[in-house]
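Trainee: What follows is the file work-v6.cif, containing mmCIF, C-alpha atoms:
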data_model
loop_
_atom_site.label_atom_id
_atom_site.label_comp_id
_atom_site.auth_asym_id
_atom_site.auth_seq_id
_atom_site.Cartn_x
_atom_site.Cartn_y
_atom_site.Cartn_z
CA MET S 1 101.39 138.92 45.94
CA PRO S 2 100.01 139.27 49.47
CA GLU S 3 100.98 142.31 51.50
CA ASP S 4 102.68 140.35 54.27
CA GLN S 5 104.72 138.77 51.46
CA GLY S 6 103.72 135.23 52.43
CA ILE S 7 107.24 133.90 52.23
CA PHE S 8 108.20 130.89 54.35
CA HIS S 9 110.41 132.35 57.06
CA ASP S 10 111.92 129.08 58.20
CA LEU S 11 112.95 128.08 54.69
CA THR S 12 116.05 129.40 52.98
CA VAL S 13 115.86 131.81 50.06
CA GLU S 14 116.77 128.94 47.75
CA GLU S 15 113.99 126.75 49.15
CA ASN S 16 111.47 129.56 48.85
CA MET S 17 112.34 129.91 45.18
CA ARG S 18 112.34 126.15 44.57
CA ILE S 19 108.90 125.70 46.10
CA SER S 20 107.50 128.55 44.03
CA ILE S 21 108.66 127.27 40.67
CA ARG S 22 105.85 125.15 39.33
CA LYS S 23 107.76 123.53 36.51
CA ALA S 24 111.53 123.50 36.88
CA ASN S 25 112.18 123.75 33.16
CA GLU S 26 114.80 125.75 31.33
CA ALA S 27 112.53 128.77 30.88
CA ALA S 28 111.91 129.00 34.62
CA MET S 29 115.63 128.68 35.35
CA THR S 30 116.48 131.44 32.87
CA LYS S 31 113.89 133.68 34.48
CA GLN S 32 115.25 132.89 37.93
CA GLU S 33 118.77 133.73 36.78
CA TRP S 34 117.56 137.04 35.34
CA ILE S 35 115.69 138.12 38.45
CA LEU S 36 118.57 137.10 40.73
CA ASN S 37 120.92 139.30 38.75
CA LEU S 38 118.47 142.13 39.25
CA PHE S 39 118.31 141.49 43.01
CA PRO S 40 121.84 140.35 43.89
CA ASP S 41 120.98 140.45 47.60
CA LEU S 42 118.96 137.29 47.12
CA LYS S 43 122.00 135.55 45.68
CA THR S 44 124.14 136.72 48.59
CA TYR S 45 121.73 135.22 51.12
CA TRP S 46 120.79 132.23 48.94
CA HIS S 47 121.24 129.66 51.71
CA ARG S 48 120.11 131.78 54.63
CA LYS S 49 116.73 131.55 56.26
CA SER S 50 114.45 134.05 54.58
CA GLY S 51 113.07 135.12 57.95
CA ASN S 52 116.40 136.86 58.60
CA LEU S 53 116.14 139.01 55.50
CA SER S 54 115.36 142.71 55.80
CA GLY S 55 111.90 143.93 54.85
CA GLY S 56 113.13 145.09 51.46
CA GLN S 57 114.89 141.82 50.74
CA LYS S 58 111.75 139.90 51.65
CA GLN S 59 109.88 142.06 49.19
CA MET S 60 112.47 141.24 46.52
CA LEU S 61 112.06 137.54 47.26
CA ALA S 62 108.28 137.83 46.99
CA ILE S 63 108.61 139.58 43.64
CA ALA S 64 111.17 137.07 42.38
CA ARG S 65 108.84 134.27 43.39
CA ALA S 66 105.95 135.77 41.44
CA TYR S 67 108.16 136.37 38.44
CA VAL S 68 109.54 132.88 37.80
CA ASN S 69 106.26 131.21 36.83
CA ASP S 70 104.26 131.70 33.66
CA ASN S 71 101.18 133.45 34.93
CA GLU S 72 98.26 134.83 33.01
CA LEU S 73 97.47 137.48 35.58
CA LEU S 74 99.51 138.91 38.44
CA LEU S 75 97.98 140.98 41.21
CA ILE S 76 100.68 143.13 42.77
CA ASP S 77 99.90 145.19 45.84
CA GLU S 78 102.25 148.11 46.58
CA PRO S 79 105.52 146.51 45.59
CA SER S 80 107.52 149.67 46.29
CA LYS S 81 106.47 149.86 49.92
CA GLY S 82 109.45 149.96 52.28
CA LEU S 83 112.06 149.74 49.53
CA ALA S 84 115.04 151.97 48.97
CA PRO S 85 114.74 154.15 45.82
CA ILE S 86 117.46 152.26 43.99
CA VAL S 87 115.68 148.96 44.66
CA VAL S 88 112.40 150.46 43.51
CA GLU S 89 114.01 150.99 40.13
CA ASN S 90 114.87 147.30 39.94
CA VAL S 91 111.38 146.34 41.06
CA MET S 92 110.06 148.47 38.22
CA LYS S 93 112.38 146.76 35.79
CA SER S 94 111.15 143.34 36.95
CA ILE S 95 107.51 144.36 36.55
CA GLU S 96 108.25 145.73 33.06
CA GLN S 97 109.66 142.32 32.25
CA MET S 98 106.62 140.52 33.71
CA LYS S 99 104.36 142.71 31.60
CA LEU S 100 105.79 141.30 28.40
CA ASN S 101 103.71 138.13 28.64
CA THR S 102 101.48 138.58 31.67
CA THR S 103 98.62 140.88 32.54
CA VAL S 104 99.66 142.83 35.63
CA LEU S 105 97.17 144.49 37.95
CA LEU S 106 99.25 146.86 40.04
CA VAL S 107 98.02 148.71 43.11
CA GLU S 108 100.45 151.54 43.75
CA GLN S 109 100.44 154.90 45.51
CA ASN S 110 103.76 155.96 44.05
CA PHE S 111 102.62 157.92 41.00
CA PHE S 112 106.04 157.89 39.36
CA MET S 113 106.15 154.12 39.48
CA ALA S 114 102.53 153.63 38.47
CA SER S 115 102.75 156.07 35.59
CA THR S 116 106.02 154.63 34.31
CA ILE S 117 104.83 151.03 34.26
CA GLY S 118 101.11 151.36 33.64
CA ASP S 119 99.36 151.30 30.28
CA ARG S 120 95.92 151.96 31.65
CA PHE S 121 94.87 153.40 35.00
CA TYR S 122 91.98 153.38 37.41
CA ILE S 123 91.88 155.89 40.25
CA VAL S 124 89.98 154.56 43.24
CA ASP S 125 88.67 156.88 45.90
CA GLU S 126 86.71 155.57 48.89
CA GLY S 127 86.03 152.31 47.13
CA ARG S 128 84.81 153.82 43.87
CA ILE S 129 86.54 154.18 40.58
CA VAL S 130 86.52 157.96 40.08
CA HIS S 131 88.58 158.17 36.92
CA HIS S 132 90.07 155.78 34.40
CA GLY S 133 91.67 155.74 30.98
CA ALA S 134 95.02 155.41 29.29
CA MET S 135 98.07 156.27 31.36
CA LYS S 136 99.45 158.42 28.54
CA GLU S 137 96.47 160.76 28.79
CA LEU S 138 96.74 161.09 32.54
CA LYS S 139 100.38 162.04 32.24
CA GLU S 140 99.46 164.92 29.96
CA ASP S 141 96.28 165.88 31.79
CA LYS S 142 97.51 168.18 34.54
CA GLU S 143 93.99 169.11 35.60
CA SER S 144 92.87 165.58 36.38
CA ARG S 145 96.06 164.84 38.25
CA GLN S 146 95.44 167.87 40.42
CA LYS S 147 91.84 166.96 40.93
CA TYR S 148 92.15 163.25 41.75
CA LEU S 149 95.68 162.84 43.02
CA GLY S 150 96.52 166.27 44.37
CA ILE S 151 99.80 166.41 42.50
CA ALA S 152 100.93 168.42 39.54
CA MET Q 1 129.04 98.50 83.21
CA ASP Q 2 126.97 95.60 81.98
CA ILE Q 3 123.79 97.04 83.42
CA VAL Q 4 124.45 100.52 82.07
CA VAL Q 5 124.92 99.20 78.52
CA ASN Q 6 121.77 97.16 78.85
CA LEU Q 7 119.74 100.07 80.13
CA LEU Q 8 121.16 102.20 77.35
CA LEU Q 9 120.11 99.69 74.67
CA ASN Q 10 116.77 99.21 76.33
CA GLY Q 11 116.15 102.93 76.46
CA LEU Q 12 117.28 103.50 72.90
CA ALA Q 13 115.10 100.66 71.58
CA THR Q 14 112.06 101.96 73.45
CA GLY Q 15 112.89 105.45 72.23
CA MET Q 16 112.98 104.29 68.62
CA LEU Q 17 109.57 102.63 68.98
CA ILE Q 18 108.14 105.81 70.46
CA PHE Q 19 109.73 107.77 67.63
CA LEU Q 20 107.98 105.66 64.98
CA LEU Q 21 104.68 106.74 66.51
CA ALA Q 22 105.65 110.30 67.33
CA ALA Q 23 107.10 111.15 63.91
CA GLY Q 24 103.74 110.59 62.23
CA LEU Q 25 101.88 112.29 65.04
CA THR Q 26 104.00 115.42 64.94
CA LEU Q 27 103.73 115.75 61.15
CA ILE Q 28 99.99 115.16 61.22
CA PHE Q 29 99.58 117.77 63.93
CA GLY Q 30 102.04 120.22 62.43
CA LEU Q 31 100.81 120.08 58.86
CA MET Q 32 97.16 119.14 59.15
CA ASP Q 33 96.45 120.61 62.58
CA VAL Q 34 94.76 117.33 63.46
CA LEU Q 35 94.86 115.83 66.93
CA ASN Q 36 94.94 112.12 66.19
CA PHE Q 37 94.19 109.99 69.24
CA SER Q 38 93.77 106.87 67.14
CA HIS Q 39 97.47 106.57 66.37
CA GLY Q 40 97.88 103.90 69.04
CA GLY Q 41 95.21 101.84 67.27
CA LEU Q 42 97.32 101.79 64.13
CA PHE Q 43 100.26 100.69 66.26
CA ALA Q 44 98.22 97.75 67.62
CA TRP Q 45 96.92 96.85 64.17
CA GLY Q 46 100.46 96.80 62.85
CA ALA Q 47 101.43 94.42 65.66
CA TYR Q 48 98.49 92.05 65.08
CA ALA Q 49 98.81 92.07 61.31
CA GLY Q 50 102.52 91.38 61.66
CA VAL Q 51 102.10 88.52 64.12
CA TRP Q 52 99.38 87.05 61.91
CA MET Q 53 101.58 87.26 58.82
CA PHE Q 54 104.46 85.71 60.75
CA ALA Q 55 102.31 82.77 61.80
CA LEU Q 56 101.12 82.39 58.22
CA THR Q 57 104.41 82.65 56.37
CA GLY Q 58 107.12 82.23 59.00
CA SER Q 59 108.95 85.13 57.45
CA PHE Q 60 109.72 88.19 59.55
CA LEU Q 61 110.16 90.34 56.46
CA ALA Q 62 106.69 89.36 55.26
CA SER Q 63 105.36 90.17 58.70
CA ILE Q 64 106.86 93.67 58.56
CA ALA Q 65 105.52 94.20 55.04
CA GLY Q 66 102.08 92.97 56.10
CA ALA Q 67 102.01 95.32 59.07
CA VAL Q 68 103.01 98.36 57.03
CA ILE Q 69 100.45 97.53 54.33
CA ALA Q 70 97.74 97.15 56.98
CA GLY Q 71 98.72 100.49 58.49
CA VAL Q 72 98.75 102.25 55.13
CA VAL Q 73 95.37 100.87 54.08
CA ILE Q 74 93.68 101.67 57.40
CA GLY Q 75 95.36 105.08 57.44
CA TYR Q 76 94.09 105.87 53.95
CA ILE Q 77 90.52 104.88 54.79
CA MET Q 78 90.66 106.88 58.03
CA GLU Q 79 91.97 110.06 56.44
CA ARG Q 80 89.67 109.92 53.47
CA TRP Q 81 86.38 109.23 55.23
CA ILE Q 82 86.78 109.92 58.94
CA ILE Q 83 89.40 112.65 59.47
CA ARG Q 84 88.68 114.76 56.39
CA PRO Q 85 85.17 115.81 57.49
CA VAL Q 86 86.51 117.16 60.80
CA TYR Q 87 89.41 119.29 59.57
CA GLY Q 88 89.66 122.53 61.51
CA ASN Q 89 87.57 121.38 64.46
CA HIS Q 90 89.71 120.13 67.35
CA LEU Q 91 86.82 119.07 69.56
CA GLN Q 92 85.32 116.87 66.84
CA GLN Q 93 88.75 115.50 66.03
CA ILE Q 94 89.29 114.41 69.62
CA LEU Q 95 85.90 112.71 69.80
CA VAL Q 96 86.13 111.07 66.40
CA THR Q 97 89.70 109.82 66.72
CA MET Q 98 89.04 108.56 70.27
CA GLY Q 99 86.11 106.66 68.81
CA VAL Q 100 88.24 105.26 66.02
CA MET Q 101 90.78 104.14 68.61
CA LEU Q 102 88.09 102.17 70.47
CA VAL Q 103 86.68 100.69 67.26
CA LEU Q 104 90.12 99.62 66.05
CA GLY Q 105 90.81 97.96 69.41
CA GLU Q 106 87.47 96.11 69.44
CA LEU Q 107 87.86 95.02 65.83
CA LEU Q 108 91.12 93.35 66.80
CA LYS Q 109 89.16 91.26 69.30
CA VAL Q 110 86.57 90.41 66.65
CA PHE Q 111 89.21 89.06 64.28
CA TRP Q 112 91.74 87.56 66.67
CA GLY Q 113 89.86 87.05 69.95
CA PRO Q 114 90.29 88.81 73.30
CA ASN Q 115 93.32 86.86 74.54
CA THR Q 116 96.92 87.96 74.26
CA ILE Q 117 98.78 86.30 71.41
CA ASN Q 118 102.40 85.23 71.60
CA ALA Q 119 104.78 87.05 69.32
CA PRO Q 120 108.03 85.11 68.83
CA VAL Q 121 111.32 86.71 67.91
CA PRO Q 122 112.53 85.27 64.58
CA SER Q 123 115.34 82.78 65.17
CA TYR Q 124 118.06 84.81 63.50
CA LEU Q 125 117.29 87.83 65.67
CA SER Q 126 116.88 86.01 68.98
CA GLY Q 127 119.62 85.55 71.52
CA SER Q 128 122.45 87.89 72.20
CA TRP Q 129 126.10 88.62 71.62
CA GLN Q 130 128.54 88.70 74.49
CA ILE Q 131 131.35 91.18 74.12
CA GLY Q 132 133.76 91.40 77.04
CA GLY Q 133 131.20 90.62 79.69
CA VAL Q 134 128.61 92.93 78.18
CA ILE Q 135 125.52 91.21 76.83
CA LEU Q 136 123.98 92.77 73.73
CA ILE Q 137 120.48 91.57 72.99
CA LYS Q 138 120.21 91.20 69.22
CA TYR Q 139 116.59 92.15 68.81
CA ARG Q 140 117.06 95.43 70.66
CA LEU Q 141 119.96 96.33 68.40
CA PHE Q 142 117.76 95.44 65.45
CA ILE Q 143 115.04 97.84 66.60
CA ILE Q 144 117.60 100.61 67.08
CA ILE Q 145 118.98 100.06 63.57
CA VAL Q 146 115.53 100.03 61.95
CA GLY Q 147 114.62 103.18 63.86
CA LEU Q 148 117.78 104.89 62.63
CA ILE Q 149 117.08 103.87 59.04
CA VAL Q 150 113.52 105.22 59.25
CA TYR Q 151 114.79 108.46 60.76
CA LEU Q 152 117.38 108.90 58.01
CA ALA Q 153 114.85 108.07 55.29
CA LEU Q 154 112.39 110.55 56.75
CA HIS Q 155 115.11 113.16 57.06
CA PHE Q 156 116.02 112.62 53.41
CA LEU Q 157 112.39 112.81 52.33
CA LEU Q 158 111.77 116.04 54.22
CA ASN Q 159 115.01 117.85 53.44
CA ARG Q 160 116.09 116.61 50.03
CA THR Q 161 112.89 116.19 48.03
CA LYS Q 162 110.35 118.61 46.65
CA LEU Q 163 107.54 116.79 48.46
CA GLY Q 164 109.41 117.23 51.75
CA LEU Q 165 109.89 120.91 51.00
CA VAL Q 166 106.17 121.31 50.41
CA VAL Q 167 105.37 119.46 53.65
CA ARG Q 168 107.78 121.59 55.67
CA ALA Q 169 106.44 124.78 54.12
CA GLY Q 170 102.89 123.53 54.73
CA VAL Q 171 103.64 123.18 58.44
CA MET Q 172 104.56 126.88 58.46
CA ASN Q 173 101.80 128.27 56.27
CA LYS Q 174 99.11 126.06 54.75
CA GLU Q 175 97.28 128.84 52.94
CA MET Q 176 100.37 130.00 51.08
CA ILE Q 177 101.10 126.48 49.88
CA GLN Q 178 97.65 126.35 48.35
CA ALA Q 179 98.14 129.80 46.87
CA LEU Q 180 101.27 128.51 45.16
CA GLY Q 181 99.18 125.88 43.44
CA TYR Q 182 99.78 122.71 45.46
CA ASN Q 183 96.91 120.36 46.19
CA ILE Q 184 97.05 120.36 49.98
CA LYS Q 185 94.43 117.62 50.34
CA ARG Q 186 96.60 115.16 48.49
CA ILE Q 187 99.57 116.10 50.64
CA PHE Q 188 97.46 115.64 53.78
CA THR Q 189 96.49 112.13 52.67
CA LEU Q 190 100.09 111.27 51.92
CA VAL Q 191 101.37 112.51 55.27
CA PHE Q 192 98.61 110.74 57.17
CA VAL Q 193 99.27 107.48 55.35
CA LEU Q 194 103.00 107.87 55.96
CA GLY Q 195 102.36 108.40 59.67
CA ALA Q 196 100.02 105.38 59.76
CA GLY Q 197 102.64 103.21 58.07
CA MET Q 198 105.30 104.22 60.58
CA ALA Q 199 102.95 103.58 63.52
CA ALA Q 200 102.19 100.10 62.18
CA LEU Q 201 105.90 99.46 61.73
CA GLY Q 202 106.40 100.46 65.37
CA GLY Q 203 103.71 97.98 66.36
CA VAL Q 204 105.15 95.03 64.49
CA LEU Q 205 108.63 95.73 65.88
CA PHE Q 206 107.27 96.05 69.41
CA ALA Q 207 105.40 92.72 69.27
CA PRO Q 208 108.44 90.37 69.59
CA TYR Q 209 110.09 92.92 71.91
CA SER Q 210 107.32 92.54 74.48
CA GLY Q 211 106.67 88.88 73.53
CA ALA Q 212 102.90 89.23 73.15
CA VAL Q 213 100.25 91.40 71.55
CA PHE Q 214 96.98 92.59 73.09
CA SER Q 215 94.35 94.97 71.83
CA GLU Q 216 95.11 97.83 74.26
CA MET Q 217 98.85 97.77 73.61
CA GLY Q 218 98.76 100.97 71.58
CA LEU Q 219 97.46 103.15 74.36
CA GLN Q 220 100.58 103.24 76.50
CA PHE Q 221 102.80 104.06 73.55
CA ALA Q 222 100.39 106.62 72.17
CA ILE Q 223 100.53 108.54 75.46
CA LEU Q 224 104.32 108.48 75.40
CA ALA Q 225 104.24 109.61 71.78
CA PHE Q 226 102.05 112.57 72.66
CA ILE Q 227 104.45 113.55 75.44
CA VAL Q 228 107.29 113.30 72.94
CA VAL Q 229 105.50 115.47 70.38
CA VAL Q 230 104.99 118.16 73.01
CA ILE Q 231 108.60 117.98 74.23
CA GLY Q 232 110.07 117.92 70.74
CA GLY Q 233 107.88 120.67 69.37
CA MET Q 234 104.79 120.27 67.20
CA GLY Q 235 105.69 119.63 63.59
CA SER Q 236 109.39 118.93 64.14
CA VAL Q 237 110.62 115.44 63.25
CA LYS Q 238 114.09 116.23 64.59
CA GLY Q 239 112.58 117.35 67.89
CA SER Q 240 110.49 114.20 68.09
CA ALA Q 241 113.52 111.99 67.45
CA LEU Q 242 115.52 113.68 70.20
CA ALA Q 243 112.60 113.71 72.64
CA SER Q 244 111.85 110.03 71.91
CA LEU Q 245 115.36 109.00 72.85
CA LEU Q 246 115.21 111.27 75.92
CA VAL Q 247 111.94 109.72 77.07
CA GLY Q 248 113.09 106.17 76.24
CA LEU Q 249 116.40 106.53 78.06
CA SER Q 250 115.07 108.34 81.11
CA GLY Q 251 112.31 105.73 81.37
CA ALA Q 252 114.81 102.86 81.23
CA PHE Q 253 117.24 104.35 83.73
CA MET Q 254 114.58 105.55 86.13
CA ALA Q 255 112.85 102.18 86.10
CA TYR Q 256 116.08 100.63 87.33
CA TYR Q 257 117.46 103.22 89.71
CA LEU Q 258 114.33 105.02 90.91
CA PRO Q 259 111.36 102.80 90.03
CA ASP Q 260 108.98 104.89 92.13
CA LEU Q 261 109.60 107.86 89.88
CA SER Q 262 109.67 106.06 86.54
CA LEU Q 263 106.10 106.93 85.63
CA ALA Q 264 106.41 110.53 86.73
CA VAL Q 265 109.67 111.24 84.95
CA ASN Q 266 108.10 111.72 81.50
CA MET Q 267 105.50 114.07 82.84
CA LEU Q 268 108.16 116.00 84.75
CA LEU Q 269 110.25 116.21 81.59
CA MET Q 270 107.27 117.59 79.71
CA VAL Q 271 106.41 120.09 82.44
CA PHE Q 272 110.02 121.26 82.54
CA VAL Q 273 110.22 121.75 78.76
CA LEU Q 274 106.86 123.53 78.67
CA LEU Q 275 108.01 125.91 81.42
CA VAL Q 276 111.35 126.70 79.80
CA LYS Q 277 110.39 126.62 76.13
CA PRO Q 278 106.63 126.34 75.56
CA SER Q 279 107.02 125.64 71.84
CA GLY Q 280 109.09 122.51 72.54
CA LEU Q 281 112.75 121.79 71.76
CA PHE Q 282 112.45 122.44 68.02
CA GLY Q 283 108.96 123.90 67.89
CA ILE Q 284 108.04 125.52 64.61
CA LYS Q 285 104.64 126.64 65.78
CA GLY Q 286 104.09 128.48 69.04
#
Step by step, read the file and then write its structure as structure tokens.
Mentor:
Amino acid sequence: MPEDQGIFHDLTVEENMRISIRKANEAAMTKQEWILNLFPDLKTYWHRKSGNLSGGQKQMLAIARAYVNDNELLLIDEPSKGLAPIVVENVMKSIEQMKLNTTVLLVEQNFFMASTIGDRFYIVDEGRIVHHGAMKELKEDKESRQKYLGIA
Amino acid sequence: MDIVVNLLLNGLATGMLIFLLAAGLTLIFGLMDVLNFSHGGLFAWGAYAGVWMFALTGSFLASIAGAVIAGVVIGYIMERWIIRPVYGNHLQQILVTMGVMLVLGELLKVFWGPNTINAPVPSYLSGSWQIGGVILIKYRLFIIIVGLIVYLALHFLLNRTKLGLVVRAGVMNKEMIQALGYNIKRIFTLVFVLGAGMAALGGVLFAPYSGAVFSEMGLQFAILAFIVVVIGGMGSVKGSALASLLVGLSGAFMAYYLPDLSLAVNMLLMVFVLLVKPSGLFGIKG
């Protein structure tokens, strides 16, 4: 998912979804239904041009678009950026769902989100991986969190 | 009254012919970012192939089919081996497509000789209807109807099918379309071939309208088509349709009422649109 979302601003929300679904089979439709229930805003503006959506809604559309296909690997860059806290929760839910049958590589500064979703972690500082391991350990390892992230 | 109706039909018919060229041109520019100066050559080839088929079979339908097939085949060869190597380089595109235009024109002379060839109107489309003192020339009405059908078909293709959706999205953001897993090269070929087919159709329809075909016939229409693409907005079929009718009608009326200005009017129209809205009437790209 590119950072500028890469949605087609002159197409409607519906068209953006339709163009993203590679195979319009039942599975894809079920997934679309699920994600639309999670982000009801998208349903509300279904036939509006996506360029008129707010930043957060565009983000939802970009996430919905990534979700509907069967992917082996998803690269997600800061999905919580610019979203209201309540929407962030839904974004997290959608990523949890993606994780069930897709490998997700998530880049995220929001430690709460990253630690809730992630199984494994890599902390990158100035282009180098400075620490990595299982997320569970990091959650319990106060010292490392202080050292690498500056939070307790 | 009579003259106004006639000028109206004349302008609309010319507009439709320009549209058949401009629709392909605007899609090719909008989606593929290719400046295609050889479009007029396809127009001329459509006309010659059509006239040739008509002489051979005596059937106007066969002549239309022959023209479109010729356009599609030449378009495919051009895209595949001549346009594809110069994607992304406007200067090379201008040189190469200008060259193709010249070669296509000269090849016409090789096959059919340098003289103009008569292009008869098929008997069932010649003549006119007279309704209350107003004379309606059948063939002009025919061109208008065919133009409308092509516009509606194109509109349907672009707005109601998945392929059309991909093409429209591709005009906005090519890279993203590829990222979503579509083979953009195949879509380029399809759009180019579609544009070539429409240009050839324009040519074969124009032949009986003007009464004769000659190898440079495409040039005049290609220039008008470029003006129309600029006025209508690059990449917008709707804009091209509207601008085509505008250019066709203003040309027809000016030629009658202000003949001195008839050549300038299209340029003035373009200058005016560029000053007021630089992206064109329905411009998608800036």
Trainee: Tell me, as a compact mmCIF listing (two decimals) with C-alpha atoms, in the frame of the given file, which residues lie within 7 Å of range 6-16 of chain Q, counting only C-alpha atoms; anything in the same chain fewer than 6 positions away does not count.
Mentor:
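Written output follows (around-v7.txt):
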# COMPACT_ATOMS: atom_id res chain seq x y z
CA ARG Q 140 117.06 95.43 70.66
CA ILE Q 143 115.04 97.84 66.60
CA ILE Q 144 117.60 100.61 67.08
CA GLY Q 147 114.62 103.18 63.86
CA SER Q 244 111.85 110.03 71.91
CA LEU Q 245 115.36 109.00 72.85
CA VAL Q 247 111.94 109.72 77.07
CA GLY Q 248 113.09 106.17 76.24
CA LEU Q 249 116.40 106.53 78.06
CA GLY Q 251 112.31 105.73 81.37
CA ALA Q 252 114.81 102.86 81.23
CA PHE Q 253 117.24 104.35 83.73
Trainee: Which residues match the PyMOL selection byres ((chain S and resi 42-57) around 8) in the file above, as a PyMOL selection string?
Mentor: chain S and resi 7-14+16+36-37+39-41+58-61+82-84
Trainee: Evaluated on this file, the PyMOL selection byres ((chain Q) within 10 of (chain S)) picks out some residues - which ones are they, written as a ChimeraX atom specification?
Mentor: /Q:159,162-163,165-166,168-173,175-177,179-182,284
Trainee: What does the distance between CA of His132 in chain S and CA of Ser144 in chain S come to in Å, to one decimal place?
Mentor: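 Those two atoms sit 10.4 Å apart.
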Trainee: Residues of range 189-281 of chain Q within 7 Å of range 113-125 of chain Q: nearest atom pair and distance (Å, one decimal) for each, counting all atoms listed in the file, sorted by chain and number, as a Markdown table?
Mentor:
| residue | atom | partner | partner_atom | distance |
| --- | --- | --- | --- | --- |
| Q:Ala207 | CA | Q:Ala119 | CA | 5.7 |
| Q:Pro208 | CA | Q:Ala119 | CA | 4.9 |
| Q:Gly211 | CA | Q:Ala119 | CA | 5.0 |
| Q:Ala212 | CA | Q:Asn118 | CA | 4.3 |
| Q:Val213 | CA | Q:Ile117 | CA | 5.3 |
| Q:Phe214 | CA | Q:Thr116 | CA | 4.8 |
Trainee: Skipping near chain neighbours, those fewer than 2 positions away, what residues fall within 12 Å of Leu138 in chain S using all atoms listed in the file, listed as a list in words?
Mentor: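 Listed by chain and then number, they are Phe111, Phe112, Ala114, Ser115, Thr116, Gly118, Asp119, Arg120, Phe121, Tyr122, Ile123, His131, His132, Gly133, Ala134, Met135, Lys136, Glu140, Asp141, Lys142, Glu143, Ser144, Arg145, Gln146, Lys147, Tyr148, Leu149, Ile151 and Ala152 of chain S.
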Trainee: Store the residues picked out above in a file with C-alpha atoms, as an mmCIF file, keeping the file's coordinate frame.
Mentor:
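The result, written out as out.cif:
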data_model
loop_
_atom_site.group_PDB
_atom_site.id
_atom_site.type_symbol
_atom_site.label_atom_id
_atom_site.label_comp_id
_atom_site.auth_asym_id
_atom_site.auth_seq_id
_atom_site.Cartn_x
_atom_site.Cartn_y
_atom_site.Cartn_z
ATOM 1 C CA PHE S 111 102.620 157.920 41.000
ATOM 2 C CA PHE S 112 106.040 157.890 39.360
ATOM 3 C CA ALA S 114 102.530 153.630 38.470
ATOM 4 C CA SER S 115 102.750 156.070 35.590
ATOM 5 C CA THR S 116 106.020 154.630 34.310
ATOM 6 C CA GLY S 118 101.110 151.360 33.640
ATOM 7 C CA ASP S 119 99.360 151.300 30.280
ATOM 8 C CA ARG S 120 95.920 151.960 31.650
ATOM 9 C CA PHE S 121 94.870 153.400 35.000
ATOM 10 C CA TYR S 122 91.980 153.380 37.410
ATOM 11 C CA ILE S 123 91.880 155.890 40.250
ATOM 12 C CA HIS S 131 88.580 158.170 36.920
ATOM 13 C CA HIS S 132 90.070 155.780 34.400
ATOM 14 C CA GLY S 133 91.670 155.740 30.980
ATOM 15 C CA ALA S 134 95.020 155.410 29.290
ATOM 16 C CA MET S 135 98.070 156.270 31.360
ATOM 17 C CA LYS S 136 99.450 158.420 28.540
ATOM 18 C CA GLU S 140 99.460 164.920 29.960
ATOM 19 C CA ASP S 141 96.280 165.880 31.790
ATOM 20 C CA LYS S 142 97.510 168.180 34.540
ATOM 21 C CA GLU S 143 93.990 169.110 35.600
ATOM 22 C CA SER S 144 92.870 165.580 36.380
ATOM 23 C CA ARG S 145 96.060 164.840 38.250
ATOM 24 C CA GLN S 146 95.440 167.870 40.420
ATOM 25 C CA LYS S 147 91.840 166.960 40.930
ATOM 26 C CA TYR S 148 92.150 163.250 41.750
ATOM 27 C CA LEU S 149 95.680 162.840 43.020
ATOM 28 C CA ILE S 151 99.800 166.410 42.500
ATOM 29 C CA ALA S 152 100.930 168.420 39.540
#
Trainee: Quick one: residues within 12 Å of Ile131 in chain Q, all atoms listed in the file counted, chain neighbours fewer than 6 positions away excluded, as a PyMOL selection string?
Mentor: chain Q and resi 1-2+5+137
Trainee: I'd like the interatomic distance between CA of Gly71 in chain Q and CA of Gly50 in chain Q, to a tenth of an Å.
Mentor: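 Atom-to-atom, CA of Gly71 in chain Q to CA of Gly50 in chain Q, that is 10.4 Å.
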Trainee: Quick check, in Å to one decimal: how far apart do CA of Met198 in chain Q and CA of Leu21 in chain Q lie?
Mentor: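 Those two atoms sit 6.5 Å apart.
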Trainee: The PyMOL selection byres ((chain Q and resi 33) around 10) - which residues does that actually catch in the file I just gave you? List them as a ChimeraX atom specification.
Mentor: /Q:26-32,34-36,87-90,93,171,174,234-235
Trainee: Within 8 Å of (94.8, 101.4, 71.4) (coordinates as in the file), grab all the protein and nucleic acid residues, counting all atoms listed in the file, and write them out as a PDB file with C-alpha atoms, in the coordinates of the input.
Mentor:
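Written out: selection13.pdb:
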ATOM      1  CA  SER Q  38      93.770 106.870  67.140  1.00  0.00           C
ATOM      2  CA  HIS Q  39      97.470 106.570  66.370  1.00  0.00           C
ATOM      3  CA  GLY Q  40      97.880 103.900  69.040  1.00  0.00           C
ATOM      4  CA  GLY Q  41      95.210 101.840  67.270  1.00  0.00           C
ATOM      5  CA  LEU Q  42      97.320 101.790  64.130  1.00  0.00           C
ATOM      6  CA  PHE Q  43     100.260 100.690  66.260  1.00  0.00           C
ATOM      7  CA  ALA Q  44      98.220  97.750  67.620  1.00  0.00           C
ATOM      8  CA  MET Q 101      90.780 104.140  68.610  1.00  0.00           C
ATOM      9  CA  LEU Q 102      88.090 102.170  70.470  1.00  0.00           C
ATOM     10  CA  LEU Q 104      90.120  99.620  66.050  1.00  0.00           C
ATOM     11  CA  GLY Q 105      90.810  97.960  69.410  1.00  0.00           C
ATOM     12  CA  SER Q 215      94.350  94.970  71.830  1.00  0.00           C
ATOM     13  CA  GLU Q 216      95.110  97.830  74.260  1.00  0.00           C
ATOM     14  CA  MET Q 217      98.850  97.770  73.610  1.00  0.00           C
ATOM     15  CA  GLY Q 218      98.760 100.970  71.580  1.00  0.00           C
ATOM     16  CA  LEU Q 219      97.460 103.150  74.360  1.00  0.00           C
ATOM     17  CA  GLN Q 220     100.580 103.240  76.500  1.00  0.00           C
ATOM     18  CA  ALA Q 222     100.390 106.620  72.170  1.00  0.00           C
TER      19      ALA Q 222
END
